[in-house]
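Notes for the one structure printed next.
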Amino acid sequence: MSAKRTLLPGMGVEVHDPRWLTAVPGAELVVGLDDVGECAADGHRVTVMIDLVPDNVPLLRDMATEAVGDGARKVRVRPHGVDRVDLVYAAVELNRVAEDDAVEVQFDVTSAALLRADPAAFVRVDPLVVKADGTVVPICEGLERYALGSLGTLDELVSGWDPEPVRDLCRVALGRALADTGPLVSWYEHLTRTAVELRAGC
């Protein structure tokens with residue numbers, strides 16, 4: 001029986017190093033820009049993760065186009081400390097990338113309206129993320145405090161794991177995200193910042 005079948009229902013897994021794909025069949029391979037070419041050449045379906053920061057916002061389209069040229073089948077962008085105007089600019093640029101390069105694009109933001117309309121959708125514990133060193137964390141890097149452990153057999157980690165603290169984190173982050181007045185909300189950034197603040201408050 002594969003590890004994938006014994007996960008919580010509907011739970012996805014992403015791995016950040018191709019060597020973990022054999023341990024988690026069907027996982028999404030997510031790598032940085034520098035690793036796209038090598039992973040694609042090895043025959044993997046590659047998602048490139050671009051960390052969007054204020055300094056590289058004007059370069060976003062070029063970075064995405066480079067990744068697609070190197071073999072990325074999906075472009076994923078996660079903002080860090082980017083203001084509301086630049087979030088909207090990035091959304092427009094990524095829409096152009098999707099159309100011009102015929103590639104799947106994922107922008108890790110959500111709308112304030114969606115947070116208010118369906119807050120329960122954000123109180124979740126997946127995907128599980130297998131970092132390059134084999135550490136398994138819920139949702140995204142930056143939540144190492146909530147790590148399940150190191151990857152051996154994923155089903156064993158999941159069976160001994162209490163996901164409720166992660167849901168509690170999501171609830172706290174949700175309250176803070178709902179106070180964000182911009183049209184786009186960087187959900188993962190709210191999560192990781194809240195995790196740091198909660199750890200500091202312990």
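Identifiers in this document derive from the order of the structure tokens: chains are assigned A, B, ..., residues are numbered from 1 separately in each chain, and ligands are numbered from 1 in order of occurrence.
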Would you mind listing what lies within 6 Å of segment 184-186 of chain A as JSON, numbers by chain, with only C-alpha atoms counted and same-chain residues fewer than 3 positions away left out? {"A": [109, 110, 111, 189]}
Could you take the residues named above and write them with N, CA, C and O atoms, as a CSV table (one decimal), in the first residue's frame?
chain,number,residue,atom,x,y,z
A,109,VAL,N,-1.6,33.8,-3.2
A,109,VAL,CA,-2.4,34.9,-2.5
A,109,VAL,C,-3.9,34.5,-2.6
A,109,VAL,O,-4.2,33.6,-3.3
A,110,THR,N,-4.7,35.1,-1.8
A,110,THR,CA,-6.1,34.9,-1.9
A,110,THR,C,-6.8,36.2,-1.8
A,110,THR,O,-6.1,37.2,-1.6
A,111,SER,N,-8.1,36.3,-2.0
A,111,SER,CA,-8.8,37.5,-1.8
A,111,SER,C,-9.3,37.7,-0.5
A,111,SER,O,-9.7,36.7,0.2
A,189,GLU,N,2.1,34.0,4.0
A,189,GLU,CA,2.9,34.9,4.8
A,189,GLU,C,2.2,35.2,6.1
A,189,GLU,O,2.9,35.3,7.2
Counting only C-alpha atoms, what is within 9 Å of Ala177 of chain A, bar same-chain residues fewer than 5 positions away, as a PDB file with C-alpha atoms, in the first residue's frame?
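around-v6.pdb, written as the output of this step:
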ATOM      1  CA  ALA A 112     -10.057  39.132   1.314  1.00  0.00           C
ATOM      2  CA  LEU A 115     -11.401  34.640   3.331  1.00  0.00           C
ATOM      3  CA  VAL A 172      -5.349  32.696  14.593  1.00  0.00           C
ATOM      4  CA  VAL A 185      -4.017  38.636   0.936  1.00  0.00           C
ATOM      5  CA  SER A 186      -0.755  36.716   1.200  1.00  0.00           C
ATOM      6  CA  TRP A 187      -2.149  33.807   3.204  1.00  0.00           C
ATOM      7  CA  HIS A 190       0.196  35.442   7.441  1.00  0.00           C
ATOM      8  CA  LEU A 191       0.618  31.805   8.470  1.00  0.00           C
TER       9      LEU A 191
END
List every residue of segment 61-181 of chain A that DSSP, applied to the backbone, labels as strand (DSSP E), and write the result as an NGL selection string. :A and (74-79 or 104-107 or 110-111 or 128-130 or 135-138 or 149-150)
Output for the residues just chosen: all heavy atoms as a short mmCIF file (atom, residue, chain, number, x, y, z; two decimals), in the first residue's frame:
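Printed below is out_13.cif as written:
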data_model
loop_
_atom_site.label_atom_id
_atom_site.label_comp_id
_atom_site.auth_asym_id
_atom_site.auth_seq_id
_atom_site.Cartn_x
_atom_site.Cartn_y
_atom_site.Cartn_z
N LYS A 74 4.84 24.15 -14.33
CA LYS A 74 3.97 24.97 -13.50
C LYS A 74 4.84 26.04 -12.83
O LYS A 74 5.97 25.77 -12.42
CB LYS A 74 3.28 24.11 -12.44
CG LYS A 74 2.37 24.86 -11.48
CD LYS A 74 1.69 23.87 -10.52
CE LYS A 74 0.87 24.56 -9.46
NZ LYS A 74 0.26 23.58 -8.53
N VAL A 75 4.31 27.24 -12.74
CA VAL A 75 5.00 28.35 -12.09
C VAL A 75 4.20 28.72 -10.84
O VAL A 75 3.00 29.00 -10.92
CB VAL A 75 5.11 29.58 -13.02
CG1 VAL A 75 5.72 30.77 -12.27
CG2 VAL A 75 5.94 29.24 -14.26
N ARG A 76 4.89 28.71 -9.72
CA ARG A 76 4.24 29.04 -8.45
C ARG A 76 5.00 30.21 -7.82
O ARG A 76 6.23 30.20 -7.76
CB ARG A 76 4.27 27.83 -7.53
CG ARG A 76 3.51 28.02 -6.24
CD ARG A 76 3.43 26.70 -5.52
NE ARG A 76 2.89 26.84 -4.19
CZ ARG A 76 2.85 25.87 -3.29
NH1 ARG A 76 3.31 24.67 -3.60
NH2 ARG A 76 2.34 26.08 -2.10
N VAL A 77 4.27 31.22 -7.36
CA VAL A 77 4.89 32.42 -6.82
C VAL A 77 4.35 32.67 -5.43
O VAL A 77 3.14 32.70 -5.21
CB VAL A 77 4.62 33.64 -7.73
CG1 VAL A 77 5.16 34.92 -7.10
CG2 VAL A 77 5.24 33.41 -9.11
N ARG A 78 5.29 32.83 -4.49
CA ARG A 78 4.92 33.09 -3.09
C ARG A 78 5.51 34.42 -2.65
O ARG A 78 6.72 34.60 -2.65
CB ARG A 78 5.43 31.96 -2.20
CG ARG A 78 5.09 32.17 -0.73
CD ARG A 78 5.24 30.89 0.05
NE ARG A 78 4.28 29.91 -0.42
CZ ARG A 78 4.30 28.63 -0.08
NH1 ARG A 78 5.25 28.17 0.72
NH2 ARG A 78 3.39 27.79 -0.53
N PRO A 79 4.66 35.40 -2.30
CA PRO A 79 5.18 36.72 -1.91
C PRO A 79 5.65 36.77 -0.47
O PRO A 79 5.13 36.08 0.41
CB PRO A 79 3.96 37.63 -2.12
CG PRO A 79 2.78 36.75 -1.98
CD PRO A 79 3.20 35.37 -2.39
N GLU A 104 0.70 26.33 -16.44
CA GLU A 104 -0.10 26.48 -15.23
C GLU A 104 0.61 27.44 -14.27
O GLU A 104 1.81 27.36 -14.07
CB GLU A 104 -0.29 25.12 -14.56
CG GLU A 104 -1.18 25.16 -13.33
CD GLU A 104 -1.35 23.80 -12.67
OE1 GLU A 104 -0.88 22.79 -13.23
OE2 GLU A 104 -1.96 23.76 -11.59
N VAL A 105 -0.15 28.35 -13.68
CA VAL A 105 0.40 29.34 -12.77
C VAL A 105 -0.38 29.30 -11.46
O VAL A 105 -1.61 29.20 -11.47
CB VAL A 105 0.33 30.76 -13.39
CG1 VAL A 105 0.69 31.82 -12.36
CG2 VAL A 105 1.25 30.88 -14.59
N GLN A 106 0.35 29.35 -10.37
CA GLN A 106 -0.27 29.44 -9.04
C GLN A 106 0.35 30.61 -8.29
O GLN A 106 1.55 30.65 -8.06
CB GLN A 106 -0.04 28.14 -8.25
CG GLN A 106 -0.62 28.19 -6.84
CD GLN A 106 -0.40 26.88 -6.09
OE1 GLN A 106 -0.33 25.81 -6.70
NE2 GLN A 106 -0.29 26.96 -4.78
N PHE A 107 -0.48 31.56 -7.92
CA PHE A 107 -0.04 32.72 -7.16
C PHE A 107 -0.55 32.53 -5.75
O PHE A 107 -1.75 32.45 -5.52
CB PHE A 107 -0.59 34.00 -7.78
CG PHE A 107 -0.01 35.28 -7.25
CD1 PHE A 107 1.24 35.32 -6.65
CD2 PHE A 107 -0.71 36.47 -7.39
CE1 PHE A 107 1.78 36.52 -6.18
CE2 PHE A 107 -0.18 37.67 -6.92
CZ PHE A 107 1.05 37.69 -6.32
N THR A 110 -4.66 35.09 -1.80
CA THR A 110 -6.10 34.88 -1.92
C THR A 110 -6.76 36.24 -1.81
O THR A 110 -6.10 37.25 -1.61
CB THR A 110 -6.61 33.90 -0.83
OG1 THR A 110 -7.97 33.56 -1.11
CG2 THR A 110 -6.50 34.52 0.56
N SER A 111 -8.06 36.26 -1.96
CA SER A 111 -8.76 37.54 -1.85
C SER A 111 -9.35 37.66 -0.45
O SER A 111 -9.74 36.66 0.18
CB SER A 111 -9.88 37.64 -2.89
OG SER A 111 -10.92 36.74 -2.57
N LEU A 128 1.07 18.49 2.89
CA LEU A 128 2.28 18.18 3.64
C LEU A 128 3.47 18.49 2.73
O LEU A 128 3.45 18.18 1.54
CB LEU A 128 2.31 16.70 4.05
CG LEU A 128 1.26 16.27 5.05
CD1 LEU A 128 1.44 14.79 5.41
CD2 LEU A 128 1.29 17.12 6.31
N VAL A 129 4.48 19.12 3.30
CA VAL A 129 5.64 19.55 2.53
C VAL A 129 6.86 18.77 3.01
O VAL A 129 7.21 18.82 4.20
CB VAL A 129 5.89 21.06 2.71
CG1 VAL A 129 7.14 21.50 1.95
CG2 VAL A 129 4.67 21.86 2.26
N VAL A 130 7.50 18.04 2.10
CA VAL A 130 8.73 17.32 2.41
C VAL A 130 9.88 18.21 1.97
O VAL A 130 10.13 18.39 0.78
CB VAL A 130 8.80 15.96 1.71
CG1 VAL A 130 10.06 15.21 2.14
CG2 VAL A 130 7.56 15.11 2.02
N THR A 135 12.57 16.65 6.23
CA THR A 135 11.64 17.08 7.28
C THR A 135 10.27 17.32 6.66
O THR A 135 10.15 17.95 5.62
CB THR A 135 12.12 18.38 7.94
OG1 THR A 135 13.43 18.19 8.46
CG2 THR A 135 11.19 18.81 9.07
N VAL A 136 9.24 16.80 7.33
CA VAL A 136 7.87 16.95 6.84
C VAL A 136 7.15 17.99 7.69
O VAL A 136 7.04 17.84 8.91
CB VAL A 136 7.11 15.61 6.90
CG1 VAL A 136 5.68 15.78 6.37
CG2 VAL A 136 7.85 14.53 6.11
N VAL A 137 6.67 19.05 7.03
CA VAL A 137 5.94 20.10 7.73
C VAL A 137 4.58 20.27 7.07
O VAL A 137 4.41 19.94 5.90
CB VAL A 137 6.71 21.45 7.71
CG1 VAL A 137 8.04 21.33 8.40
CG2 VAL A 137 6.89 21.96 6.29
N PRO A 138 3.59 20.76 7.81
CA PRO A 138 2.29 21.01 7.20
C PRO A 138 2.26 22.35 6.47
O PRO A 138 2.91 23.31 6.88
CB PRO A 138 1.35 21.02 8.41
CG PRO A 138 2.20 21.53 9.52
CD PRO A 138 3.59 21.01 9.25
N GLY A 149 8.04 15.29 11.61
CA GLY A 149 9.26 14.52 11.81
C GLY A 149 10.00 14.41 10.50
O GLY A 149 9.73 15.14 9.55
N SER A 150 10.94 13.47 10.44
CA SER A 150 11.71 13.24 9.21
C SER A 150 11.09 12.10 8.43
O SER A 150 10.59 11.14 9.02
CB SER A 150 13.17 12.92 9.55
OG SER A 150 13.79 14.04 10.14
#
Quick one: residues within 8 Å of Gly32 of chain A, only C-alpha atoms counted, chain neighbours fewer than 2 positions away excluded, as a list in words?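 Everything that qualifies: Val30, Asp34, Asp35, Val36, Val48, Met49 and Ile50 of chain A.
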Within 12 Å of Ala102 of chain A, counting only C-alpha atoms, which residues show up once you throw out same-chain ones fewer than 5 positions away? Write them as a ChimeraX atom specification, please. /A:64-65,68-69,72-75,94-97
Counting only C-alpha atoms, what is within 9 Å of Val53 of chain A, bar same-chain residues fewer than 3 positions away, as an NGL selection string? :A and (56-57 or 78-82)
I need the residues from that last selection saved to file as a compact mmCIF listing (two decimals), in the first residue's frame (with N, CA, C and O atoms), if you can.
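Contents of the output file selection_14.txt:
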# COMPACT_ATOMS: atom_id res chain seq x y z
N ASN A 56 12.53 41.93 -6.46
CA ASN A 56 12.45 41.21 -7.73
C ASN A 56 11.08 41.28 -8.40
O ASN A 56 10.85 40.62 -9.41
N VAL A 57 10.18 42.10 -7.88
CA VAL A 57 8.86 42.24 -8.50
C VAL A 57 8.97 42.62 -9.98
O VAL A 57 8.31 42.00 -10.82
N ARG A 78 5.29 32.83 -4.49
CA ARG A 78 4.92 33.09 -3.09
C ARG A 78 5.51 34.42 -2.65
O ARG A 78 6.72 34.60 -2.65
N PRO A 79 4.66 35.40 -2.30
CA PRO A 79 5.18 36.72 -1.91
C PRO A 79 5.65 36.77 -0.47
O PRO A 79 5.13 36.08 0.41
N HIS A 80 6.66 37.61 -0.26
CA HIS A 80 7.21 37.86 1.08
C HIS A 80 7.44 39.37 1.22
O HIS A 80 8.32 39.92 0.56
N GLY A 81 6.64 40.03 2.04
CA GLY A 81 6.84 41.45 2.30
C GLY A 81 6.53 42.35 1.11
O GLY A 81 7.06 43.47 1.03
N VAL A 82 5.69 41.91 0.20
CA VAL A 82 5.35 42.68 -0.99
C VAL A 82 4.09 43.49 -0.71
O VAL A 82 3.12 42.97 -0.16
Picked from segment 54-190 of chain A by DSSP as alpha helix (DSSP H), as a PyMOL selection string: chain A and resi 60-69+84-101+112-117+154-159+164-178+187-190
Could you state the separation of atom CA of Ala200 of chain A and atom CA of Trp161 of chain A in Å, given to one decimal place?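 If I compute the distance from atom CA of Ala200 of chain A to atom CA of Trp161 of chain A, I get 22.9 Å.
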Check the smallest atom-to-atom distance from each of A:Cys39, A:Leu178, A:Ala132, A:Val123 to Asp17 of chain A using only C-alpha atoms, then report the winner.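 Under the stated criterion, the closest residue is A:Ala132.
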Skipping near chain neighbours, those fewer than 3 positions away, what residues fall within 10 Å of Arg19 of chain A using only C-alpha atoms, listed as an NGL selection string? :A and (15-16 or 22-24 or 29 or 132 or 134)
Work out how far atom CA of Val13 of chain A is from atom CA of Ile139 of chain A, in Å to one decimal. 9.1 Å
Of A:Asp155, A:Asp42, A:Glu14, A:Asp83, the one sitting nearest Gly182 of chain A when using only C-alpha atoms is A:Asp83
I'd like the interatomic distance between atom CA of Glu156 of chain A and atom CA of Cys170 of chain A, to a tenth of an Å.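 Straight-line distance from atom CA of Glu156 of chain A to atom CA of Cys170 of chain A works out to 23.9 Å.
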Do you know which residues are at most 10 Å from Arg193 of chain A counting only C-alpha atoms, after dropping those on the same chain fewer than 6 positions away, and could you put them as a list in words? Gly142, Leu143, Ala173, Trp187 and Arg199 of chain A
